[in-house]
Amino acid sequence: MFNKKKILSGIAGAGFFLSVASGTALAQKPVEMPASKQENVQFRRIEQPLGLKVAVTLGGIGLIGLELWWFLLSKSKAVQANRNQDIQEITIIVDGGYEPNQVVVEAGQPVRLNFERRDASSCLEKVLVPDFHIAQDLTLNQVTTVEFTPEKPGEYPFTCGMNMYRGKILAQSS
């Protein structure tokens with residue numbers, strides 16, 4: 001599967017390539033026009049090489065495809081919580097989002113989510129589980145435990161404090 005850091009470095013590399021490729025077009029001297037024509041001309045057409053036009057178009061199409069994949073096709077898989085004695089437990093890594101962001105548990109059994117926060121961004125300082133009235137602060141580089149019991153089967157979302165990063169708890173009947 002794709003790694004977010006690899007995707008971002010690929011986008012940065014493409015941006016660097018396009019800036020280098022367009023450097024020759026930016027370095028060209030403007031053509032001087034006679035004074036008689038300068039009065040009537042507000043805009044002057046700048047011709048770009050065909051290769052640059054193709055590169056920019058392909059880069060744009062590639063970025064559109066990446067966005068479509070990211071938001072529509074990159075579905076993460078649900079992970080089953082481990083059973084430790086009478087409680088279901090799983091560790092969720094908080095680093096640019098939640099990993100895993102979908103947790104499968106049994107309804108009617110206590111659940112312990114261990115959030116290990118590695119990201120220093122202020123958005124991920126808190127986790128909210130509204131269906132269970134939980135708003136828990138997450139300490140950086142430490143594990144914070146959240147416990148609850150889903151009484152009924154269903155989907156229970158959890159989010160960061162700003163509702164930008166999301167996950168869900170999938171409670172299934174036993």
# chains A, B, ... in the order shown; residues from 1 in each chain; ligands from 1
>>> residues_around(residues="Tyr156 of chain A", least_positions_apart="4", cutoff="10 Å", atoms="only C-alpha atoms", output="list in words")
Gln102, Val103, Val129, Pro130, Asp131, Phe132, Pro150, Gly167, Lys168, Ile169, Leu170 and Ala171 of chain A
>>> residues_around(residues="Asp119 of chain A", least_positions_apart="2", cutoff="9 Å", atoms="only C-alpha atoms", output="list in words")
Val94, Asp95, Gly96, Gly97, Arg117, Ser121, Ser122, Leu124, Glu125, Leu140 and Asn141 of chain A
>>> write_last_selection(atoms="N, CA and C atoms", output="mmCIF file, in the first residue's frame")
data_model
loop_
_atom_site.group_PDB
_atom_site.id
_atom_site.type_symbol
_atom_site.label_atom_id
_atom_site.label_comp_id
_atom_site.auth_asym_id
_atom_site.auth_seq_id
_atom_site.Cartn_x
_atom_site.Cartn_y
_atom_site.Cartn_z
ATOM 1 N N VAL A 94 -1.441 7.400 16.819
ATOM 2 C CA VAL A 94 -1.916 8.719 16.401
ATOM 3 C C VAL A 94 -0.719 9.454 15.795
ATOM 4 N N ASP A 95 -0.621 9.404 14.458
ATOM 5 C CA ASP A 95 0.500 10.026 13.761
ATOM 6 C C ASP A 95 0.021 10.446 12.372
ATOM 7 N N GLY A 96 -0.443 11.674 12.243
ATOM 8 C CA GLY A 96 -1.009 12.129 10.974
ATOM 9 C C GLY A 96 -2.346 11.470 10.693
ATOM 10 N N GLY A 97 -3.031 11.047 11.701
ATOM 11 C CA GLY A 97 -4.298 10.334 11.607
ATOM 12 C C GLY A 97 -4.303 9.195 12.612
ATOM 13 N N ARG A 117 0.029 8.678 20.998
ATOM 14 C CA ARG A 117 0.170 9.895 20.199
ATOM 15 C C ARG A 117 1.642 10.171 19.885
ATOM 16 N N SER A 121 0.994 17.823 16.313
ATOM 17 C CA SER A 121 0.048 18.835 15.847
ATOM 18 C C SER A 121 -1.093 19.022 16.849
ATOM 19 N N SER A 122 -1.551 20.258 16.949
ATOM 20 C CA SER A 122 -2.572 20.584 17.947
ATOM 21 C C SER A 122 -3.908 19.909 17.647
ATOM 22 N N LEU A 124 -4.445 16.871 16.910
ATOM 23 C CA LEU A 124 -4.494 15.523 17.466
ATOM 24 C C LEU A 124 -4.262 15.489 18.973
ATOM 25 N N GLU A 125 -4.417 16.626 19.651
ATOM 26 C CA GLU A 125 -4.243 16.678 21.104
ATOM 27 C C GLU A 125 -5.390 16.021 21.863
ATOM 28 N N LEU A 140 1.542 13.774 24.289
ATOM 29 C CA LEU A 140 2.513 13.448 23.252
ATOM 30 C C LEU A 140 3.503 12.388 23.734
ATOM 31 N N ASN A 141 3.755 11.401 22.882
ATOM 32 C CA ASN A 141 4.700 10.303 23.135
ATOM 33 C C ASN A 141 4.340 9.463 24.360
#
>>> residues_around(residues="segment 68-85 of chain A", least_positions_apart="4", cutoff="12 Å", atoms="only C-alpha atoms", output="PyMOL selection string")
chain A and resi 1-4+7+61-64+89-92+98-107+109-114+155+166-172
>>> select_by_dssp(residues="segment 63-172 of chain A", states="alpha helix (DSSP H)", output="PyMOL selection string")
chain A and resi 63-68
>>> atom_distance(atom1="atom CA of Cys123 of chain A", atom2="atom CA of Thr149 of chain A")
25.9 Å
>>> atom_distance(atom1="atom CA of Lys5 of chain A", atom2="atom CA of Asp137 of chain A")
26.2 Å
>>> select_by_dssp(residues="segment 3-157 of chain A", states="strand (DSSP E or B)", output="VMD selection string")
chain A and resid 79 to 80 82 to 84 87 to 94 98 to 99 102 to 106 111 to 117 126 to 129 134 to 137 143 to 148 154 to 157
>>> closest_residue(among="A:Pro153, A:Gly108, A:Gly161, A:Gly59", to="Val127 of chain A", atoms="only C-alpha atoms")
A:Gly161
